[in-house]
file target_2.txt (compact mmCIF, C-alpha atoms)
# COMPACT_ATOMS: atom_id res chain seq x y z
CA MET A 14 -11.48 -3.19 -3.36
CA SER A 15 -8.98 -0.71 -4.66
CA TRP A 16 -5.96 -1.71 -6.70
CA ALA A 17 -3.21 0.74 -7.63
CA ALA A 18 -4.69 3.47 -5.39
CA HIS A 19 -3.17 1.59 -2.44
CA GLU A 20 0.33 2.09 -3.90
CA PHE A 21 -0.10 5.77 -4.81
CA GLU A 22 -1.57 6.63 -1.40
CA ASN A 23 1.65 5.55 0.31
CA TYR A 24 3.63 8.46 -1.13
CA PHE A 25 0.84 10.91 -0.46
CA LEU A 26 0.68 9.80 3.17
CA GLN A 27 4.47 9.91 3.45
CA LYS A 28 4.47 13.52 2.36
CA HIS A 29 2.22 14.40 5.30
CA VAL A 30 4.03 12.40 7.97
CA GLY A 31 7.58 13.14 6.76
CA LEU A 32 10.14 11.73 9.16
CA LYS A 33 7.55 10.49 11.63
CA ALA A 34 6.66 7.18 9.97
CA SER A 35 8.59 4.56 8.05
CA PHE A 36 7.69 4.30 4.37
CA LEU A 37 8.30 0.55 4.37
CA ALA A 38 5.89 0.22 7.31
CA ILE A 39 3.27 2.33 5.52
CA ALA A 40 3.62 0.07 2.47
CA LEU A 41 3.35 -3.07 4.62
CA GLY A 42 0.36 -1.59 6.46
CA THR A 43 -1.32 -0.86 3.14
CA PHE A 44 -0.71 -4.41 1.92
CA GLY A 45 -1.66 -5.83 5.33
CA PRO A 46 -5.42 -6.33 5.01
CA ASP A 47 -5.08 -8.39 1.83
CA LEU A 48 -1.61 -9.86 2.31
CA PHE A 49 -2.53 -13.30 3.64
CA THR A 50 -6.19 -13.43 2.67
CA LYS A 51 -6.57 -12.47 -0.99
CA ALA A 52 -5.62 -15.89 -2.40
CA PHE A 53 -8.33 -17.51 -0.24
CA VAL A 54 -10.88 -14.86 -1.20
CA TYR A 55 -10.87 -15.89 -4.86
CA SER A 56 -11.34 -19.58 -4.02
CA SER A 57 -14.14 -18.92 -1.54
CA SER A 58 -17.75 -19.83 -2.33
CA ASP A 59 -18.88 -16.32 -1.34
CA PRO A 60 -15.84 -14.10 -2.01
CA ALA A 61 -17.36 -10.74 -1.05
CA HIS A 62 -18.67 -12.00 2.28
CA PHE A 63 -15.49 -13.92 3.06
CA HIS A 64 -13.29 -10.93 2.16
CA ARG A 65 -15.21 -8.21 3.99
CA GLY A 66 -17.84 -9.85 6.20
CA TRP A 67 -18.07 -11.70 9.46
CA PRO A 68 -17.70 -14.65 9.79
CA GLY A 69 -14.83 -14.37 7.34
CA VAL A 70 -11.64 -12.33 7.16
CA GLY A 71 -13.45 -8.98 7.04
CA PHE A 72 -11.85 -8.03 10.37
CA THR A 73 -8.60 -7.39 8.46
CA HIS A 74 -10.40 -4.37 6.99
CA SER A 75 -11.18 -2.82 10.36
CA PHE A 76 -9.41 -0.10 12.35
CA ILE A 77 -8.81 -2.44 15.26
CA PHE A 78 -6.70 -4.72 13.04
CA GLY A 79 -4.37 -1.79 12.38
CA VAL A 80 -4.21 -0.95 16.10
CA LEU A 81 -3.36 -4.57 16.94
CA GLY A 82 -0.70 -4.72 14.21
CA ALA A 83 0.84 -1.41 15.26
CA GLY A 84 0.76 -2.38 18.96
CA LEU A 85 2.42 -5.70 18.20
CA VAL A 86 5.14 -4.03 16.12
CA LEU A 87 5.72 -1.39 18.81
CA GLY A 88 5.98 -4.07 21.50
CA LEU A 89 8.36 -6.25 19.51
CA THR A 90 10.60 -3.66 17.83
CA ARG A 91 10.12 -0.53 20.01
CA SER A 92 10.09 1.40 16.73
CA ARG A 93 7.59 4.23 16.82
CA SER A 94 8.05 4.99 13.12
CA TRP A 95 7.19 1.41 12.23
CA ALA A 96 4.17 1.29 14.52
CA MET A 97 2.94 4.61 13.13
CA GLY A 98 3.54 3.48 9.54
CA ILE A 99 1.64 0.21 9.99
CA LEU A 100 -1.29 2.05 11.57
CA ILE A 101 -1.47 4.79 8.94
CA GLY A 102 -1.11 2.39 6.00
CA GLN A 103 -3.71 -0.07 7.29
CA TRP A 104 -6.22 2.66 8.15
CA ALA A 105 -5.77 4.23 4.71
CA HIS A 106 -6.54 0.83 3.13
CA VAL A 107 -9.71 0.50 5.23
CA LEU A 108 -10.92 3.98 4.30
CA THR A 109 -10.19 3.46 0.60
CA ASP A 110 -12.10 0.17 0.47
CA ILE A 111 -15.26 1.88 1.71
CA CYS A 112 -15.74 2.87 -1.93
CA ASP A 113 -16.66 -0.58 -3.31
CA SER A 114 -20.04 -2.29 -3.00
CA ALA A 115 -18.98 -4.81 -0.33
CA GLY A 116 -17.62 -2.08 1.95
CA VAL A 117 -15.74 -2.64 5.18
CA MET A 118 -16.52 -3.05 8.88
CA PRO A 119 -14.40 -0.17 10.20
CA PHE A 120 -15.48 -0.58 13.82
CA PHE A 121 -15.45 -4.37 14.05
CA PRO A 122 -16.17 -6.05 16.50
CA PHE A 123 -18.33 -3.24 17.93
CA SER A 124 -20.28 -3.04 14.68
CA THR A 125 -20.35 -5.67 11.96
CA GLU A 126 -22.40 -3.42 9.69
CA PRO A 127 -20.58 -2.94 6.35
CA VAL A 128 -19.99 0.68 5.45
CA THR A 129 -19.96 1.41 1.73
CA ILE A 130 -20.61 4.20 -0.71
CA GLY A 131 -21.03 1.69 -3.57
CA MET A 132 -18.90 3.61 -6.05
CA TRP A 133 -17.98 0.41 -7.92
CA LYS A 134 -18.82 -3.29 -7.59
CA HIS A 135 -16.70 -5.68 -5.56
CA ALA A 136 -16.12 -8.32 -8.24
CA ALA A 137 -13.98 -10.99 -6.54
CA SER A 138 -16.67 -13.55 -7.49
CA LEU A 139 -15.32 -13.30 -11.06
CA GLY A 140 -11.91 -14.58 -9.99
CA ARG A 141 -8.68 -12.56 -9.86
CA TYR A 142 -8.52 -11.66 -13.53
CA GLY A 143 -12.26 -11.06 -13.84
CA ASP A 144 -12.01 -8.86 -10.75
CA ALA A 145 -9.23 -6.80 -12.35
CA THR A 146 -11.19 -6.45 -15.59
CA ALA A 147 -14.34 -5.33 -13.73
CA TYR A 148 -12.39 -2.89 -11.57
CA TYR A 149 -10.74 -1.24 -14.56
CA SER A 150 -14.10 -1.09 -16.33
CA SER A 151 -15.66 0.91 -13.50
CA LEU A 152 -15.04 4.03 -11.43
CA GLY A 153 -12.40 1.95 -9.64
CA GLY A 154 -9.99 2.59 -12.48
CA VAL A 155 -10.86 6.29 -12.34
CA TRP A 156 -10.18 6.20 -8.59
CA ASP A 157 -6.67 4.86 -9.28
CA LEU A 158 -6.13 7.60 -11.84
CA PHE A 159 -7.33 10.18 -9.32
CA TRP A 160 -4.70 9.06 -6.80
CA LEU A 161 -2.02 9.04 -9.48
CA LEU A 162 -2.92 12.64 -10.33
CA MET A 163 -2.95 13.57 -6.62
CA LEU A 164 0.51 12.07 -6.31
CA ALA A 165 1.75 13.91 -9.40
CA ALA A 166 0.24 17.23 -8.34
CA PHE A 167 0.95 17.31 -4.61
CA ALA A 168 3.50 14.69 -3.69
CA SER A 169 5.76 14.16 -6.71
CA ARG A 170 8.77 15.40 -4.75
CA THR A 171 8.50 12.31 -2.55
CA LEU A 172 9.79 10.28 -5.52
CA ARG A 173 12.98 12.33 -5.92
CA PRO A 174 16.41 11.10 -4.76
CA GLU A 175 16.82 14.10 -2.41
CA TYR A 176 13.58 13.24 -0.61
CA PHE A 177 14.63 9.62 -0.31
CA ARG A 178 18.00 10.72 1.10
CA ASN A 179 16.71 13.42 3.46
CA VAL A 180 13.42 11.95 4.66
CA ILE A 181 12.83 8.30 3.80
CA VAL A 182 16.17 6.91 5.03
CA PRO A 183 16.45 9.11 8.16
CA ALA A 184 12.87 8.16 9.10
CA ASP A 185 13.84 4.49 9.11
CA PRO A 186 17.64 4.12 9.12
CA ARG A 187 17.58 0.63 10.65
CA ALA A 188 15.51 -0.99 7.90
CA TRP A 189 17.24 0.76 5.00
CA GLY A 190 20.62 0.07 6.61
CA TRP A 191 19.68 -3.59 6.93
CA LEU A 192 18.63 -3.75 3.27
CA HIS A 193 21.86 -2.00 2.30
CA ARG A 194 24.00 -4.49 4.21
CA HIS A 195 22.20 -7.73 3.51
CA LEU A 196 21.18 -7.16 -0.12
CA ARG A 197 24.41 -5.24 -0.86
CA LEU A 198 22.41 -2.44 -2.43
CA PRO A 199 23.91 1.04 -2.72
CA GLU A 200 21.72 4.12 -2.37
CA ARG A 201 20.78 3.95 -6.04
CA GLY A 202 19.41 0.43 -5.64
CA LEU A 203 17.51 1.35 -2.49
CA LEU A 204 15.99 4.33 -4.28
CA LEU A 205 14.72 2.04 -7.04
CA LEU A 206 13.24 -0.25 -4.41
CA TYR A 207 11.48 2.76 -2.85
CA GLN A 208 10.21 4.05 -6.20
CA GLY A 209 9.19 0.50 -7.16
CA PHE A 210 5.85 0.70 -5.36
CA CYS A 211 4.77 3.68 -7.46
CA PHE A 212 6.10 1.97 -10.59
CA TYR A 213 4.10 -1.15 -9.76
CA GLY A 214 0.94 0.88 -9.21
CA LEU A 215 1.33 2.71 -12.50
CA GLY A 216 2.33 -0.44 -14.39
CA ARG A 217 -0.54 -2.55 -13.21
CA MET A 218 -3.06 0.25 -13.66
CA VAL A 219 -2.13 0.66 -17.33
CA THR A 220 -1.75 -3.07 -18.00
CA TRP A 221 -5.06 -4.14 -16.47
CA PHE A 222 -6.85 -1.27 -18.17
CA LEU A 223 -5.41 -2.29 -21.57
CA ARG A 224 -6.22 -5.96 -20.94
CA ALA A 225 -9.80 -5.05 -20.00
CA ARG A 226 -10.24 -3.06 -23.22
CA LEU A 227 -8.21 -5.08 -25.74
CA ALA A 228 -8.07 -8.69 -24.52
CA ASP A 229 -11.31 -9.07 -22.56
CA ARG A 230 -13.25 -6.43 -24.53
CA ALA A 231 -15.21 -5.51 -21.40
CA PRO A 232 -17.42 -2.42 -21.70
CA PHE A 233 -15.96 0.61 -19.92
CA GLN A 234 -18.71 1.83 -17.57
CA PRO A 235 -17.36 4.56 -15.29
CA VAL A 236 -20.73 5.15 -13.67
CA TRP A 237 -21.67 5.03 -9.99
CA GLY A 238 -22.11 1.37 -8.97
CA GLY A 239 -20.66 -0.02 -12.19
CA PRO A 240 -19.80 -2.08 -14.02
CA ARG A 241 -23.37 -3.11 -14.72
CA TYR A 242 -22.44 -6.56 -16.01
CA VAL A 243 -21.31 -7.60 -12.51
CA GLN A 244 -24.05 -8.77 -10.14
CA GLY A 245 -24.61 -6.75 -6.99
CA ASN A 246 -22.94 -8.12 -3.87
CA ASP A 247 -23.95 -5.82 -1.02
CA LEU A 248 -23.35 -7.60 2.26
CA SER A 249 -26.19 -5.94 4.15
CA ASP A 250 -29.87 -5.27 3.54
CA ALA A 251 -29.89 -2.45 6.09
CA GLY A 252 -31.10 0.98 5.03
CA PRO A 253 -28.86 4.07 5.20
CA LEU A 254 -30.25 5.26 8.56
CA GLU A 255 -29.75 1.84 10.12
CA VAL A 256 -26.16 1.77 8.84
CA VAL A 257 -25.48 5.26 10.25
CA VAL A 258 -26.91 4.39 13.68
CA ARG A 259 -25.12 1.04 13.99
CA THR A 260 -21.84 2.47 12.71
CA SER A 261 -22.06 5.47 15.03
CA ILE A 262 -22.60 3.24 18.04
CA GLY A 263 -19.73 1.02 16.87
CA GLY A 264 -17.53 4.08 16.39
CA LEU A 265 -18.22 5.37 19.91
CA LEU A 266 -17.50 1.96 21.44
CA PHE A 267 -14.33 1.65 19.36
CA ALA A 268 -13.16 5.11 20.50
CA ALA A 269 -13.79 4.16 24.15
CA PHE A 270 -11.92 0.88 23.64
CA LEU A 271 -9.02 2.74 22.04
CA VAL A 272 -8.77 5.16 24.99
CA LEU A 273 -8.84 2.21 27.39
CA CYS A 274 -6.14 0.36 25.41
CA TRP A 275 -4.00 3.51 25.33
CA ARG A 276 -4.23 4.03 29.08
CA VAL A 277 -3.71 0.38 30.01
CA LEU A 278 -1.03 -0.73 27.55
CA LEU A 279 -0.30 1.33 24.43
CA CYS A 280 0.87 4.42 26.34
CA ARG A 281 3.51 2.36 28.14
CA LEU A 282 4.64 0.74 24.91
CA TRP A 283 4.83 4.16 23.25
CA GLN A 284 6.91 5.65 26.06
CA ARG A 285 9.24 2.64 25.95
CA GLY A 286 9.49 3.08 22.16
CA GLU A 287 12.33 4.76 20.30
CA ASP A 288 12.63 7.24 17.46
CA PRO A 289 15.50 7.62 15.00
CA PRO A 290 17.92 10.43 15.99
CA SER A 291 16.64 12.87 13.38
CA VAL A 292 12.97 12.63 14.42
CA GLN A 293 11.49 15.35 16.61
CA ARG A 294 8.07 14.06 17.58
CA GLY A 295 5.61 16.43 19.23
CA ARG A 296 2.43 15.62 21.10
CA GLY A 297 -1.09 15.06 19.77
CA LEU A 298 -1.33 15.40 16.00
CA ALA A 299 2.26 16.67 15.89
CA ALA A 300 3.32 13.16 16.93
CA VAL A 301 2.10 11.92 13.54
CA PHE A 302 2.14 14.79 11.06
CA HIS A 303 4.97 17.15 10.31
CA MET B 25 25.91 0.10 12.45
CA THR B 26 22.23 0.87 12.21
CA SER B 27 22.17 4.48 11.12
CA GLY B 28 21.46 5.90 7.70
CA ALA B 29 25.13 6.89 7.45
CA GLU B 30 26.06 3.67 5.73
CA VAL B 31 23.36 4.22 3.13
CA GLU B 32 24.69 7.73 2.61
CA ASP B 33 28.20 6.32 2.23
CA SER B 34 27.01 4.23 -0.69
CA ARG B 35 25.93 7.26 -2.72
CA GLU B 36 27.05 7.37 -6.29
CA ALA B 37 27.51 10.33 -8.57
CA PRO B 38 24.13 11.85 -9.56
CA SER B 39 24.95 11.17 -13.20
CA GLY B 40 25.00 7.43 -12.40
CA GLY B 41 21.22 7.30 -11.82
CA PRO B 42 18.78 6.04 -14.42
CA SER B 43 17.47 8.60 -16.89
CA ALA B 44 13.79 9.41 -17.44
CA ALA B 45 14.01 7.46 -20.71
CA ALA B 46 15.24 4.39 -18.80
CA TYR B 47 12.25 4.61 -16.42
CA LEU B 48 9.87 4.97 -19.35
CA ALA B 49 11.42 2.07 -21.26
CA THR B 50 11.18 -0.11 -18.15
CA LEU B 51 7.52 0.83 -17.75
CA VAL B 52 6.81 -0.09 -21.36
CA VAL B 53 8.58 -3.44 -20.93
CA TYR B 54 6.66 -4.08 -17.69
CA ILE B 55 3.33 -3.30 -19.32
CA GLY B 56 4.20 -5.50 -22.31
CA LEU B 57 5.24 -8.39 -20.08
CA GLY B 58 2.22 -7.87 -17.86
CA TYR B 59 -0.08 -8.01 -20.85
CA VAL B 60 1.41 -11.30 -22.06
CA VAL B 61 2.38 -13.08 -18.84
CA LYS B 62 0.19 -11.37 -16.26
CA SER B 63 0.54 -13.97 -13.52
CA VAL B 64 4.35 -13.68 -13.55
CA VAL B 65 4.81 -9.92 -13.25
CA LEU B 66 1.49 -8.46 -12.06
CA ASN B 67 1.82 -9.57 -8.47
CA TRP B 68 2.85 -8.08 -5.12
CA ILE B 69 6.33 -9.58 -5.18
CA VAL B 70 7.67 -9.13 -8.69
CA GLY B 71 5.76 -5.87 -9.32
CA PRO B 72 7.43 -3.64 -6.69
CA LEU B 73 10.83 -5.27 -7.34
CA PHE B 74 10.71 -4.96 -11.13
CA LEU B 75 12.28 -1.49 -11.24
CA LEU B 76 15.20 -2.60 -9.09
CA LEU B 77 15.58 -5.74 -11.18
CA ALA B 78 15.49 -3.98 -14.54
CA LEU B 79 17.48 -0.82 -13.75
CA TYR B 80 20.03 -2.04 -11.24
CA LEU B 81 20.38 -5.81 -10.80
CA LEU B 82 20.19 -6.82 -14.46
CA PRO B 83 22.67 -4.16 -15.72
CA ARG B 84 25.01 -5.09 -12.87
CA LEU B 85 24.76 -8.79 -13.72
CA LEU B 86 25.39 -8.11 -17.40
CA GLY B 87 28.29 -5.80 -16.55
CA SER B 88 29.98 -8.38 -14.36
CA SER B 89 29.51 -11.18 -16.91
CA ARG B 90 31.02 -8.94 -19.60
CA SER B 91 34.03 -8.13 -17.45
CA LYS B 92 34.55 -11.86 -16.79
CA ASN B 93 34.30 -12.70 -20.51
CA PRO B 94 35.75 -9.66 -22.30
CA GLY B 95 36.07 -11.55 -25.58
call {"tool": "encode", "arguments": {"input": "target_2.txt", "output": "structure tokens"}}
result
Amino acid sequence: MSWAAHEFENYFLQKHVGLKASFLAIALGTFGPDLFTKAFVYSSSDPAHFHRGWPGVGFTHSFIFGVLGAGLVLGLTRSRSWAMGILIGQWAHVLTDICDSAGVMPFFPFSTEPVTIGMWKHAASLGRYGDATAYYSSLGGVWDLFWLLMLAAFASRTLRPEYFRNVIVPADPRAWGWLHRHLRLPERGLLLLYQGFCFYGLGRMVTWFLRARLADRAPFQPVWGGPRYVQGNDLSDAGPLEVVVRTSIGGLLFAAFLVLCWRVLLCRLWQRGEDPPSVQRGRGLAAVFH
Amino acid sequence: MTSGAEVEDSREAPSGGPSAAAYLATLVVYIGLGYVVKSVVLNWIVGPLFLLLALYLLPRLLGSSRSKNPG
């Protein structure tokens, strides 16, 4: 699993979608796969399988879970920016978690084959704190740093007050207006709430890294498949070719299912949906990216 | 009203925003607290709200308590 990368990605994604997706929805979509399951993962007898496999809650780390969440939000709220945000955030989480050794089932239920590049070990079997220590002793910590640098280099303007005022609020005026009214927060407070996700990512990245080095004295092993002191927990014995074939078939079936869903239901929900006044949404990719 | 206009109406003078030093100090405090009491601050609820708490809500609370008890 990834840790702070999930927070940094939000701003990077926001930069590319601009007014066309709600930041709060992207953040919720990014939290989504782990939001209600993580506590149970650590108390499970087989955490990696429970977290990412089937049977288990591995379906939360699949593309279809994001489609269902976005469809539900679109149906209930009619907000296209929220539906788009949920979808983008959840899919980004799924793609990011391909990097650890447990992997994800992106095309569940059409393929239950875990897809992984095994960059670092999924270490939930060590408990929450052991997991954090292992993550920040492996390439996982480097992955977080990479996303922080990407954010600093290419999307730092998304953290500025002008961006918040000109893009973030107009992309989702209902939610920010609601927070303003009910929490009695002026723009300055709302800005801090917006920047808080980046702050949290940076804070926990540094803190867990320091704890791993100074308190737990875990060896720092930023090598492929590290850290070596954690036992392997691959969920599948399949070879690379088998994984490619099964995943490709799953991907084709998922794409066909998505087209069917769009024609039968999602298209109607989308047409019934609403955009904030300042959003000019095009067709195709222009409906998502600016 | 559900537009962003009300958020815009609540704008304050640019000079009223936290300085870079305030952000840095808050980060240092967060890291220090996280190191000592990890379960309290290193979670999905307190973590994202910490900046708002430290740089807006707490100063506002202290300011209002000072104005109530000027002595």
call {"tool": "interface_residues", "arguments": {"input": "target_2.txt", "of": "chain A", "to": "chain B", "cutoff": "7 Å", "atoms": "all atoms listed in the file", "output": "PyMOL selection string"}}
result
chain A and resi 182-183+186-187+190+193+199-202+205-206+209-210+212-213+216-217+220+224
call {"tool": "atom_distance", "arguments": {"input": "target_2.txt", "atom1": "CA of Phe21 (chain A)", "atom2": "CA of Gly153 (chain A)"}}
result
13.8 Å
call {"tool": "residues_around", "arguments": {"input": "target_2.txt", "residues": "region 160-175 of chain A", "least_positions_apart": "2", "cutoff": "8 Å", "atoms": "all atoms listed in the file", "output": "compact mmCIF listing (two decimals) with C-alpha atoms, keeping the file's coordinate frame"}}
result
# COMPACT_ATOMS: atom_id res chain seq x y z
CA ALA A 18 -4.69 3.47 -5.39
CA PHE A 21 -0.10 5.77 -4.81
CA GLU A 22 -1.57 6.63 -1.40
CA TYR A 24 3.63 8.46 -1.13
CA PHE A 25 0.84 10.91 -0.46
CA GLN A 27 4.47 9.91 3.45
CA LYS A 28 4.47 13.52 2.36
CA TRP A 156 -10.18 6.20 -8.59
CA ASP A 157 -6.67 4.86 -9.28
CA LEU A 158 -6.13 7.60 -11.84
CA PHE A 177 14.63 9.62 -0.31
CA ARG A 178 18.00 10.72 1.10
CA ASN A 179 16.71 13.42 3.46
CA LEU A 204 15.99 4.33 -4.28
CA GLN A 208 10.21 4.05 -6.20
CA LEU A 215 1.33 2.71 -12.50
call {"tool": "atom_distance", "arguments": {"input": "target_2.txt", "atom1": "CA of Ile39 (chain A)", "atom2": "CA of Ser151 (chain A)"}}
result
26.9 Å
call {"tool": "atom_distance", "arguments": {"input": "target_2.txt", "atom1": "CA of Phe267 (chain A)", "atom2": "CA of His74 (chain A)"}}
result
14.3 Å
